[in-house]
>>> print(open('start_5.pdb').read())   # PDB, C-alpha atoms
ATOM      1  CA  MET A   1      10.733 -22.864  27.860
ATOM      2  CA  VAL A   2       8.571 -19.859  27.105
ATOM      3  CA  GLY A   3       8.863 -16.746  29.246
ATOM      4  CA  PRO A   4       5.930 -14.922  30.807
ATOM      5  CA  ARG A   5       3.551 -13.167  28.440
ATOM      6  CA  LYS A   6       4.034  -9.400  28.446
ATOM      7  CA  ALA A   7       0.718  -8.620  26.742
ATOM      8  CA  GLU A   8      -2.741  -9.794  27.755
ATOM      9  CA  LYS A   9      -4.651 -11.864  25.205
ATOM     10  CA  ARG A  10      -7.526  -9.393  25.311
ATOM     11  CA  GLU A  11      -5.186  -6.539  24.310
ATOM     12  CA  ILE A  12      -3.864  -8.625  21.436
ATOM     13  CA  VAL A  13      -7.369  -9.483  20.179
ATOM     14  CA  GLU A  14      -8.406  -5.821  20.466
ATOM     15  CA  ALA A  15      -5.307  -4.797  18.487
ATOM     16  CA  ILE A  16      -6.114  -7.336  15.752
ATOM     17  CA  LEU A  17      -9.710  -6.108  15.568
ATOM     18  CA  TYR A  18      -8.459  -2.511  15.423
ATOM     19  CA  LEU A  19      -6.164  -3.341  12.497
ATOM     20  CA  LEU A  20      -8.982  -5.063  10.639
ATOM     21  CA  ARG A  21     -11.358  -2.160  11.241
ATOM     22  CA  ALA A  22      -8.852   0.591  10.418
ATOM     23  CA  GLY A  23      -7.157  -1.179   7.529
ATOM     24  CA  CYS A  24      -3.872   0.426   8.510
ATOM     25  CA  ALA A  25      -0.326  -0.887   8.262
ATOM     26  CA  TRP A  26       1.051  -2.991  11.097
ATOM     27  CA  ARG A  27       3.630  -0.372  11.982
ATOM     28  CA  LEU A  28       0.878   2.234  12.431
ATOM     29  CA  LEU A  29      -0.703   0.341  15.323
ATOM     30  CA  PRO A  30      -1.263   2.909  18.111
ATOM     31  CA  ARG A  31       1.023   2.734  21.136
ATOM     32  CA  ASP A  32      -1.983   1.890  23.369
ATOM     33  CA  PHE A  33      -1.684  -1.658  22.040
ATOM     34  CA  PRO A  34       1.161  -4.163  22.431
ATOM     35  CA  PRO A  35       4.018  -3.845  19.902
ATOM     36  CA  TRP A  36       2.940  -4.671  16.362
ATOM     37  CA  GLN A  37       5.432  -7.550  16.172
ATOM     38  CA  THR A  38       3.777  -9.214  19.167
ATOM     39  CA  VAL A  39       0.288  -8.757  17.732
ATOM     40  CA  TYR A  40       1.414 -10.097  14.345
ATOM     41  CA  HIS A  41       3.084 -13.102  15.993
ATOM     42  CA  TYR A  42      -0.099 -14.082  17.824
ATOM     43  CA  LEU A  43      -2.308 -13.519  14.767
ATOM     44  CA  ARG A  44      -0.164 -15.846  12.637
ATOM     45  CA  ARG A  45       0.126 -18.403  15.428
ATOM     46  CA  TRP A  46      -3.634 -18.470  16.025
ATOM     47  CA  GLU A  47      -4.245 -18.781  12.279
ATOM     48  CA  ARG A  48      -1.862 -21.754  12.105
ATOM     49  CA  GLU A  49      -3.511 -23.433  15.093
ATOM     50  CA  GLY A  50      -7.026 -22.949  13.679
ATOM     51  CA  ILE A  51      -8.158 -20.666  16.511
ATOM     52  CA  TRP A  52      -9.739 -18.097  14.155
ATOM     53  CA  ALA A  53     -11.591 -20.809  12.212
ATOM     54  CA  GLY A  54     -13.041 -22.105  15.487
ATOM     55  CA  VAL A  55     -14.068 -18.619  16.608
ATOM     56  CA  LEU A  56     -15.763 -17.975  13.258
ATOM     57  CA  HIS A  57     -17.592 -21.315  13.399
ATOM     58  CA  THR A  58     -18.842 -20.609  16.927
ATOM     59  CA  LEU A  59     -20.015 -17.113  15.980
ATOM     60  CA  VAL A  60     -21.837 -18.369  12.873
ATOM     61  CA  MET A  61     -23.653 -21.041  14.904
ATOM     62  CA  ALA A  62     -24.627 -18.499  17.576
ATOM     63  CA  ASP A  63     -25.887 -16.072  14.933
ATOM     64  CA  ARG A  64     -27.986 -18.783  13.266
ATOM     65  CA  GLU A  65     -29.554 -19.702  16.618
ATOM     66  CA  ARG A  66     -30.215 -16.025  17.351
ATOM     67  CA  ALA A  67     -32.030 -15.803  14.003
ATOM     68  CA  GLY A  68     -34.237 -18.774  15.005
ATOM     69  CA  ARG A  69     -32.558 -21.346  12.761
ATOM     70  CA  LYS A  70     -30.704 -24.545  13.556
ATOM     71  CA  ALA A  71     -27.065 -23.991  14.525
ATOM     72  CA  SER A  72     -25.790 -26.179  11.690
ATOM     73  CA  PRO A  73     -27.281 -25.860   8.205
ATOM     74  CA  SER A  74     -29.081 -28.958   6.942
ATOM     75  CA  ALA A  75     -28.394 -28.274   3.252
ATOM     76  CA  ALA A  76     -25.999 -26.383   1.055
ATOM     77  CA  ILE A  77     -26.259 -24.869  -2.397
ATOM     78  CA  VAL A  78     -23.279 -25.028  -4.681
ATOM     79  CA  ASP A  79     -23.299 -22.731  -7.670
ATOM     80  CA  SER A  80     -20.605 -22.788 -10.287
ATOM     81  CA  GLN A  81     -20.068 -21.398 -13.727
ATOM     82  CA  THR A  82     -17.483 -22.464 -16.235
ATOM     83  CA  VAL A  83     -16.030 -19.746 -18.409
ATOM     84  CA  ARG A  84     -14.023 -20.861 -21.397
ATOM     85  CA  THR A  85     -11.328 -18.387 -22.280
ATOM     86  CA  ALA A  86      -8.943 -20.382 -24.495
ATOM     87  CA  ASP A  87     -11.302 -20.437 -27.490
ATOM     88  CA  GLN A  88     -12.411 -16.818 -27.256
ATOM     89  CA  LYS A  89     -10.815 -14.238 -29.494
ATOM     90  CA  GLY A  90      -9.521 -11.206 -27.628
ATOM     91  CA  ASP A  91      -9.578  -7.609 -28.713
ATOM     92  CA  SER A  92      -7.301  -6.914 -31.686
ATOM     93  CA  ARG A  93      -5.525  -4.235 -29.640
ATOM     94  CA  ASP A  94      -4.363  -6.930 -27.209
ATOM     95  CA  THR A  95      -1.964  -8.425 -29.753
ATOM     96  CA  THR A  96       1.475  -7.147 -30.672
ATOM     97  CA  PRO A  97       1.229  -4.839 -33.700
ATOM     98  CA  GLU A  98       3.070  -5.795 -36.864
ATOM     99  CA  SER A  99       5.987  -3.594 -37.772
ATOM    100  CA  ALA A 100       5.475  -1.169 -40.659
ATOM    101  CA  SER A 101       8.625  -2.082 -42.567
ATOM    102  CA  MET A 102      10.386  -5.293 -43.426
ATOM    103  CA  GLY A 103      13.701  -3.773 -42.268
ATOM    104  CA  ALA A 104      12.485  -3.433 -38.688
ATOM    105  CA  SER A 105      12.535  -7.178 -38.220
ATOM    106  CA  GLY A 106      15.702  -9.223 -37.743
ATOM    107  CA  THR A 107      14.297 -11.788 -40.166
ATOM    108  CA  SER A 108      13.182 -11.262 -43.731
TER     109      SER A 108
END
>>> encode(input="start_5.pdb", output="structure tokens")
Amino acid sequence: MVGPRKAEKREIVEAILYLLRAGCAWRLLPRDFPPWQTVYHYLRRWEREGIWAGVLHTLVMADRERAGRKASPSAAIVDSQTVRTADQKGDSRDTTPESASMGASGTS
């Protein structure tokens, strides 16, 4: 059984938005908000449950309608580029330099 919630959901969402905006550490969350552990708990829980993905989807659809477009896109463009790195020669400074003397090596 879960006990009563000590923080309102709105306060938790506002704390999450504050953290995203400020880019500060969790422990630096101002005391006006619920404890950082509580906010972190709800953020992770809502991520796991897909709440944030649903919110983002709803906001994107609303923004598209506001811009005069259909809520769901009718087409998508996929752009990709393959970069081959295995066959490319790197800079000579990237390799280990040879030792100057034969005595420096354990093998001869």
>>> resolve_selection(input="start_5.pdb", expression="the PyMOL selection byres ((chain A and resi 15-22) around 12)", output="JSON, numbers by chain")
{"A": [7, 8, 9, 10, 11, 12, 13, 14, 23, 24, 25, 26, 27, 28, 29, 30, 31, 32, 33, 34, 35, 36, 37, 38, 39, 40, 41, 42, 43, 44, 46, 52]}
>>> write_last_selection(input="start_5.pdb", atoms="C-alpha atoms", output="CSV table (one decimal), in the frame of the given file")
chain,number,residue,atom,x,y,z
A,7,ALA,CA,0.7,-8.6,26.7
A,8,GLU,CA,-2.7,-9.8,27.8
A,9,LYS,CA,-4.7,-11.9,25.2
A,10,ARG,CA,-7.5,-9.4,25.3
A,11,GLU,CA,-5.2,-6.5,24.3
A,12,ILE,CA,-3.9,-8.6,21.4
A,13,VAL,CA,-7.4,-9.5,20.2
A,14,GLU,CA,-8.4,-5.8,20.5
A,23,GLY,CA,-7.2,-1.2,7.5
A,24,CYS,CA,-3.9,0.4,8.5
A,25,ALA,CA,-0.3,-0.9,8.3
A,26,TRP,CA,1.1,-3.0,11.1
A,27,ARG,CA,3.6,-0.4,12.0
A,28,LEU,CA,0.9,2.2,12.4
A,29,LEU,CA,-0.7,0.3,15.3
A,30,PRO,CA,-1.3,2.9,18.1
A,31,ARG,CA,1.0,2.7,21.1
A,32,ASP,CA,-2.0,1.9,23.4
A,33,PHE,CA,-1.7,-1.7,22.0
A,34,PRO,CA,1.2,-4.2,22.4
A,35,PRO,CA,4.0,-3.8,19.9
A,36,TRP,CA,2.9,-4.7,16.4
A,37,GLN,CA,5.4,-7.6,16.2
A,38,THR,CA,3.8,-9.2,19.2
A,39,VAL,CA,0.3,-8.8,17.7
A,40,TYR,CA,1.4,-10.1,14.3
A,41,HIS,CA,3.1,-13.1,16.0
A,42,TYR,CA,-0.1,-14.1,17.8
A,43,LEU,CA,-2.3,-13.5,14.8
A,44,ARG,CA,-0.2,-15.8,12.6
A,46,TRP,CA,-3.6,-18.5,16.0
A,52,TRP,CA,-9.7,-18.1,14.2
>>> atom_distance(input="start_5.pdb", atom1="CA of Ile77 in chain A", atom2="CA of Val55 in chain A")
23.4 Å
>>> atom_distance(input="start_5.pdb", atom1="CA of Ala53 in chain A", atom2="CA of Ala67 in chain A")
21.1 Å
>>> resolve_selection(input="start_5.pdb", expression="the PyMOL selection byres ((chain A and resi 72) around 10)", output="mmCIF file with C-alpha atoms, in the frame of the given file")
data_model
loop_
_atom_site.group_PDB
_atom_site.id
_atom_site.type_symbol
_atom_site.label_atom_id
_atom_site.label_comp_id
_atom_site.auth_asym_id
_atom_site.auth_seq_id
_atom_site.Cartn_x
_atom_site.Cartn_y
_atom_site.Cartn_z
ATOM 1 C CA HIS A 57 -17.592 -21.315 13.399
ATOM 2 C CA VAL A 60 -21.837 -18.369 12.873
ATOM 3 C CA MET A 61 -23.653 -21.041 14.904
ATOM 4 C CA ALA A 62 -24.627 -18.499 17.576
ATOM 5 C CA ARG A 64 -27.986 -18.783 13.266
ATOM 6 C CA GLU A 65 -29.554 -19.702 16.618
ATOM 7 C CA ARG A 69 -32.558 -21.346 12.761
ATOM 8 C CA LYS A 70 -30.704 -24.545 13.556
ATOM 9 C CA ALA A 71 -27.065 -23.991 14.525
ATOM 10 C CA PRO A 73 -27.281 -25.860 8.205
ATOM 11 C CA SER A 74 -29.081 -28.958 6.942
ATOM 12 C CA ALA A 75 -28.394 -28.274 3.252
#
>>> atom_distance(input="start_5.pdb", atom1="CA of Arg5 in chain A", atom2="CA of Gly54 in chain A")
22.9 Å
